[in-house]
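Engineer: So that you have it, the file is query.cif, and it contains mmCIF, C-alpha atoms:
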data_target
loop_
_atom_site.label_atom_id
_atom_site.label_comp_id
_atom_site.auth_asym_id
_atom_site.auth_seq_id
_atom_site.Cartn_x
_atom_site.Cartn_y
_atom_site.Cartn_z
CA MET A 1 27.99 -10.30 -83.92
CA THR A 2 26.74 -10.45 -80.40
CA ARG A 3 26.88 -7.62 -77.92
CA ALA A 4 26.38 -7.67 -74.25
CA HIS A 5 23.35 -5.84 -73.06
CA ASP A 6 21.81 -4.93 -69.81
CA ASP A 7 18.91 -6.91 -68.37
CA HIS A 8 16.58 -3.88 -68.10
CA ALA A 9 16.69 -3.22 -71.84
CA THR A 10 14.79 -5.14 -74.49
CA LEU A 11 15.78 -5.81 -78.04
CA ASP A 12 13.46 -4.94 -80.84
CA LYS A 13 13.45 -6.63 -84.24
CA VAL A 14 15.00 -9.71 -82.68
CA ALA A 15 13.85 -11.89 -85.56
CA ARG A 16 16.12 -9.92 -87.91
CA ASP A 17 19.07 -9.98 -85.54
CA CYS A 18 18.81 -6.28 -84.93
CA ASN A 19 20.53 -5.31 -81.69
CA THR A 20 19.02 -1.82 -81.34
CA ARG A 21 18.33 -1.25 -77.69
CA CYS A 22 14.99 0.19 -76.67
CA LYS A 23 14.58 1.08 -73.04
CA ILE A 24 11.11 0.78 -71.57
CA LYS A 25 9.94 3.93 -69.82
CA LYS A 26 7.29 3.88 -67.16
CA GLU A 27 4.88 6.79 -66.77
CA GLU A 28 4.95 8.63 -63.52
CA THR A 29 1.74 9.10 -61.60
CA MET A 30 0.62 12.70 -61.31
CA THR A 31 -0.61 13.73 -57.91
CA ILE A 32 -3.05 16.58 -57.56
CA ASN A 33 -5.02 17.64 -54.54
CA ARG A 34 -8.53 19.10 -54.36
CA ARG A 35 -7.31 22.66 -53.91
CA GLU A 36 -5.24 22.55 -57.11
CA LEU A 37 -8.14 20.94 -58.95
CA SER A 38 -10.63 23.59 -57.81
CA VAL A 39 -8.26 26.44 -58.73
CA SER A 40 -7.76 25.04 -62.23
CA GLY A 41 -11.53 24.49 -62.58
CA LEU A 42 -12.19 28.06 -61.48
CA ALA A 43 -9.67 29.39 -64.00
CA LEU A 44 -11.24 27.33 -66.77
CA SER A 45 -14.78 28.47 -65.95
CA THR A 46 -13.62 32.12 -65.79
CA LEU A 47 -12.04 31.72 -69.20
CA ALA A 48 -15.25 30.18 -70.60
CA VAL A 49 -17.42 32.99 -69.20
CA SER A 50 -15.04 35.60 -70.64
CA ALA A 51 -15.12 33.96 -74.06
CA LEU A 52 -18.92 33.84 -73.96
CA ALA A 53 -19.13 37.51 -73.01
CA LEU A 54 -16.93 38.44 -75.97
CA ALA A 55 -18.94 36.28 -78.37
CA THR A 56 -22.42 37.40 -77.25
CA PRO A 57 -22.59 40.56 -79.42
CA ALA A 58 -22.08 38.37 -82.51
CA PHE A 59 -25.36 36.59 -81.76
CA ALA A 60 -27.38 39.77 -81.34
CA ALA A 61 -29.01 41.19 -84.44
CA SER A 62 -27.40 44.39 -85.64
CA ALA A 63 -29.40 47.59 -86.05
CA ASP A 64 -29.21 47.13 -89.84
CA GLU A 65 -30.49 43.54 -89.62
CA GLU A 66 -33.41 44.70 -87.49
CA ALA A 67 -34.16 47.53 -89.95
CA VAL A 68 -34.13 45.08 -92.87
CA ALA A 69 -36.38 42.65 -90.98
CA LYS A 70 -38.91 45.47 -90.49
CA LYS A 71 -38.79 46.31 -94.22
CA VAL A 72 -39.27 42.65 -95.17
CA GLU A 73 -42.33 42.45 -92.91
CA ALA A 74 -43.68 45.72 -94.35
CA PHE A 75 -43.22 44.25 -97.85
CA ARG A 76 -45.15 41.10 -96.87
CA LEU A 77 -48.00 43.17 -95.44
CA ALA A 78 -48.08 45.38 -98.56
CA GLN A 79 -48.35 42.23 -100.74
CA VAL A 80 -51.26 40.89 -98.68
CA ALA A 81 -53.00 44.29 -98.82
CA SER A 82 -52.18 44.80 -102.54
CA ASP A 83 -51.02 48.29 -101.64
CA PRO A 84 -49.31 49.90 -104.66
CA LYS A 85 -48.09 52.93 -102.73
CA ALA A 86 -46.44 50.83 -100.00
CA LEU A 87 -44.92 48.38 -102.50
CA GLY A 88 -43.53 51.24 -104.61
CA ALA A 89 -42.00 52.95 -101.57
CA LEU A 90 -40.21 49.74 -100.52
CA CYS A 91 -38.55 49.10 -103.92
CA TRP A 92 -35.61 50.65 -105.78
CA ASP A 93 -36.48 52.27 -109.10
CA ASP A 94 -34.15 49.70 -110.75
CA LEU A 95 -35.92 46.71 -109.14
CA SER A 96 -35.51 43.29 -110.77
CA TYR A 97 -38.36 41.05 -109.57
CA SER A 98 -38.11 37.44 -110.74
CA HIS A 99 -40.98 34.97 -110.36
CA SER A 100 -40.64 31.19 -109.94
CA ASN A 101 -41.83 30.68 -113.55
CA GLY A 102 -38.86 32.73 -114.83
CA LYS A 103 -40.82 35.91 -115.59
CA VAL A 104 -38.81 39.03 -114.67
CA GLU A 105 -40.45 42.39 -113.96
CA ASP A 106 -39.19 45.90 -113.38
CA LYS A 107 -40.62 48.05 -110.57
CA ALA A 108 -43.54 49.53 -112.50
CA THR A 109 -44.62 46.16 -113.95
CA PHE A 110 -44.28 44.39 -110.59
CA VAL A 111 -46.35 46.98 -108.71
CA THR A 112 -49.03 47.02 -111.45
CA ASN A 113 -49.30 43.22 -111.62
CA ALA A 114 -49.20 42.78 -107.84
CA THR A 115 -52.12 45.17 -107.35
CA ASP A 116 -54.28 44.64 -110.49
CA GLY A 117 -57.00 42.70 -108.65
CA LYS A 118 -56.75 39.56 -110.82
CA SER A 119 -55.92 37.67 -107.64
CA LYS A 120 -55.71 38.36 -103.95
CA PHE A 121 -53.60 36.80 -101.28
CA LEU A 122 -55.51 35.00 -98.58
CA SER A 123 -52.28 34.43 -96.67
CA ILE A 124 -48.52 34.84 -97.06
CA ALA A 125 -46.02 33.50 -94.54
CA TYR A 126 -42.28 34.14 -94.68
CA GLN A 127 -40.93 31.11 -92.79
CA ASP A 128 -37.39 30.56 -91.47
CA PRO A 129 -36.01 33.93 -92.60
CA THR A 130 -32.29 34.68 -92.55
CA ILE A 131 -30.79 38.12 -92.97
CA LYS A 132 -27.12 38.80 -93.63
CA VAL A 133 -25.94 42.39 -93.92
CA VAL A 134 -22.80 42.90 -96.00
CA GLY A 135 -21.84 46.56 -96.12
CA PRO A 136 -24.70 48.50 -97.77
CA ALA A 137 -26.41 45.30 -98.95
CA ALA A 138 -28.58 42.73 -97.19
CA ILE A 139 -29.20 39.17 -98.34
CA VAL A 140 -32.57 37.84 -97.20
CA ARG A 141 -33.73 34.25 -97.66
CA PHE A 142 -36.96 32.60 -96.54
CA HIS A 143 -39.51 29.91 -97.29
CA TRP A 144 -42.66 31.46 -98.80
CA VAL A 145 -45.92 29.66 -98.06
CA ALA A 146 -48.98 31.41 -99.45
CA GLU A 147 -52.48 30.94 -100.77
CA GLN A 148 -54.18 33.26 -103.22
CA GLU A 149 -57.60 33.35 -104.76
CA MET A 150 -58.13 34.03 -108.47
CA ALA A 151 -60.73 36.74 -109.18
CA ALA A 152 -61.95 35.14 -112.42
CA ASP A 153 -63.05 31.77 -111.03
CA GLY A 154 -62.50 31.91 -107.25
CA LYS A 155 -59.94 29.13 -107.50
CA LYS A 156 -57.55 28.95 -104.55
CA VAL A 157 -53.92 28.44 -105.48
CA PRO A 158 -51.25 27.49 -102.91
CA THR A 159 -47.61 28.46 -103.48
CA ASN A 160 -44.53 26.99 -101.84
CA LEU A 161 -41.33 28.82 -102.79
CA HIS A 162 -37.81 29.62 -101.69
CA ILE A 163 -37.17 33.36 -101.92
CA LEU A 164 -33.93 35.31 -102.21
CA MET A 165 -34.18 39.09 -101.75
CA ASN A 166 -31.40 41.64 -102.03
CA TRP A 167 -31.96 44.88 -100.16
CA GLN A 168 -29.70 47.89 -100.55
CA LYS A 169 -29.23 50.76 -98.14
CA GLN A 170 -30.11 54.19 -99.53
CA GLY A 171 -29.11 56.80 -96.95
CA ASP A 172 -30.67 55.46 -93.75
CA ASP A 173 -33.39 53.53 -95.60
CA TRP A 174 -33.38 49.98 -97.01
CA LYS A 175 -35.04 49.26 -100.37
CA LEU A 176 -35.62 46.05 -102.29
CA LEU A 177 -33.20 45.83 -105.22
CA SER A 178 -33.90 42.30 -106.47
CA ARG A 179 -35.97 39.25 -105.71
CA ALA A 180 -35.79 35.71 -107.08
CA ALA A 181 -38.10 32.75 -106.44
CA THR A 182 -37.65 29.01 -106.86
CA LYS A 183 -40.48 26.47 -106.69
CA LEU A 184 -40.18 23.86 -103.96
#
Mind turning this structure into structure tokens?

Structural biologist:
Amino acid sequence: MTRAHDDHATLDKVARDCNTRCKIKKEETMTINRRELSVSGLALSTLAVSALALATPAFAASADEEAVAKKVEAFRLAQVASDPKALGALCWDDLSYSHSNGKVEDKATFVTNATDGKSKFLSIAYQDPTIKVVGPAAIVRFHWVAEQEMAADGKKVPTNLHILMNWQKQGDDWKLLSRAATKL
């Protein structure tokens, strides 16, 4: 069956004798002048600046994050100084302190072992720390790089660990609730 068709239309699927007409459409050229372009550019840049202004507070550390960061630094300094009073004041009574060898200590055992004089830290660095506050809890992660000296033989021992600390808010104060270490 053959149908008459107009010269401006093309047939698709000709090989299968399909007579479905498909008209070819041409795109129209859009004309825009400099004034319209500058107005749209100005609107876009205003929108971008507004979005940035709304997002900026999200990048700033919260008061709680800053408070936790200060406690983490105080903890590091107390470890270097082997200060039992400072370490005890920074920890919850129900502390769970886990070492990279799997040994787990409560608060009293941790403070005693950390300050017994069997070794001393020559240096401790908390590298690449991250702090995330979730309600009354803070999750702290960092790369621990340290060197300590053994009292018995003077041997220097380097440590390279990944640390996870959980701090919990008690009133207006943050205290260490748990700590876990993994060897790197």

Engineer: Determine the nearest neighbour of Glu149 of chain A from the options A:Lys120, A:Lys107, A:Lys71, A:His162, counting only C-alpha atoms.

Structural biologist: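 The closest residue to Glu149 of chain A is A:Lys120.
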
Engineer: What residues come out when you apply the PyMOL selection byres ((chain A and resi 84) around 8) to this file, written as a compact mmCIF listing (two decimals) with C-alpha atoms, in the frame of the given file?

Structural biologist:
# COMPACT_ATOMS: atom_id res chain seq x y z
CA ALA A 78 -48.08 45.38 -98.56
CA SER A 82 -52.18 44.80 -102.54
CA ASP A 83 -51.02 48.29 -101.64
CA LYS A 85 -48.09 52.93 -102.73
CA ALA A 86 -46.44 50.83 -100.00
CA LEU A 87 -44.92 48.38 -102.50
CA GLY A 88 -43.53 51.24 -104.61
CA VAL A 111 -46.35 46.98 -108.71
CA THR A 112 -49.03 47.02 -111.45
CA ALA A 114 -49.20 42.78 -107.84
CA THR A 115 -52.12 45.17 -107.35

Engineer: For this structure, which residues satisfy the selection - the PyMOL selection byres ((chain A and resi 135) around 12) - when it is evaluated on the file as given? I want them as number ranges by chain.

Structural biologist: A: 64-65, 132-134, 136-139, 167-170

Engineer: How big is the axis-aligned box around all listed atoms of segment 133-143 of chain A once 8 Å goes on each side, and where's its centre, in Å to one decimal, as AutoDock Vina command-line options?

Structural biologist:
--center_x -30.7 --center_y 39.2 --center_z -96.4 --size_x 33.7 --size_y 34.6 --size_z 21.0

Engineer: Run the PyMOL selection byres ((chain A and resi 144) around 8) mentally over the shown coordinates, then write out the matched residues as a PDB file with C-alpha atoms, keeping the file's coordinate frame, using the chain letters and numbers from the document.

Structural biologist:
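Listing of out11.pdb after writing:
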ATOM      1  CA  ILE A 124     -48.520  34.840 -97.060  1.00  0.00           C
ATOM      2  CA  ALA A 125     -46.020  33.500 -94.540  1.00  0.00           C
ATOM      3  CA  TYR A 126     -42.280  34.140 -94.680  1.00  0.00           C
ATOM      4  CA  GLN A 127     -40.930  31.110 -92.790  1.00  0.00           C
ATOM      5  CA  PHE A 142     -36.960  32.600 -96.540  1.00  0.00           C
ATOM      6  CA  HIS A 143     -39.510  29.910 -97.290  1.00  0.00           C
ATOM      7  CA  VAL A 145     -45.920  29.660 -98.060  1.00  0.00           C
ATOM      8  CA  ALA A 146     -48.980  31.410 -99.450  1.00  0.00           C
ATOM      9  CA  THR A 159     -47.610  28.460-103.480  1.00  0.00           C
ATOM     10  CA  ASN A 160     -44.530  26.990-101.840  1.00  0.00           C
ATOM     11  CA  LEU A 161     -41.330  28.820-102.790  1.00  0.00           C
ATOM     12  CA  HIS A 162     -37.810  29.620-101.690  1.00  0.00           C
ATOM     13  CA  ILE A 163     -37.170  33.360-101.920  1.00  0.00           C
TER      14      ILE A 163
END

Engineer: Using only C-alpha atoms, which residues sit within 10 Å of Ser96 of chain A once same-chain residues fewer than 3 positions away are excluded, as number ranges by chain?

Structural biologist: A: 91-93, 99, 104-107, 110, 166, 176-180
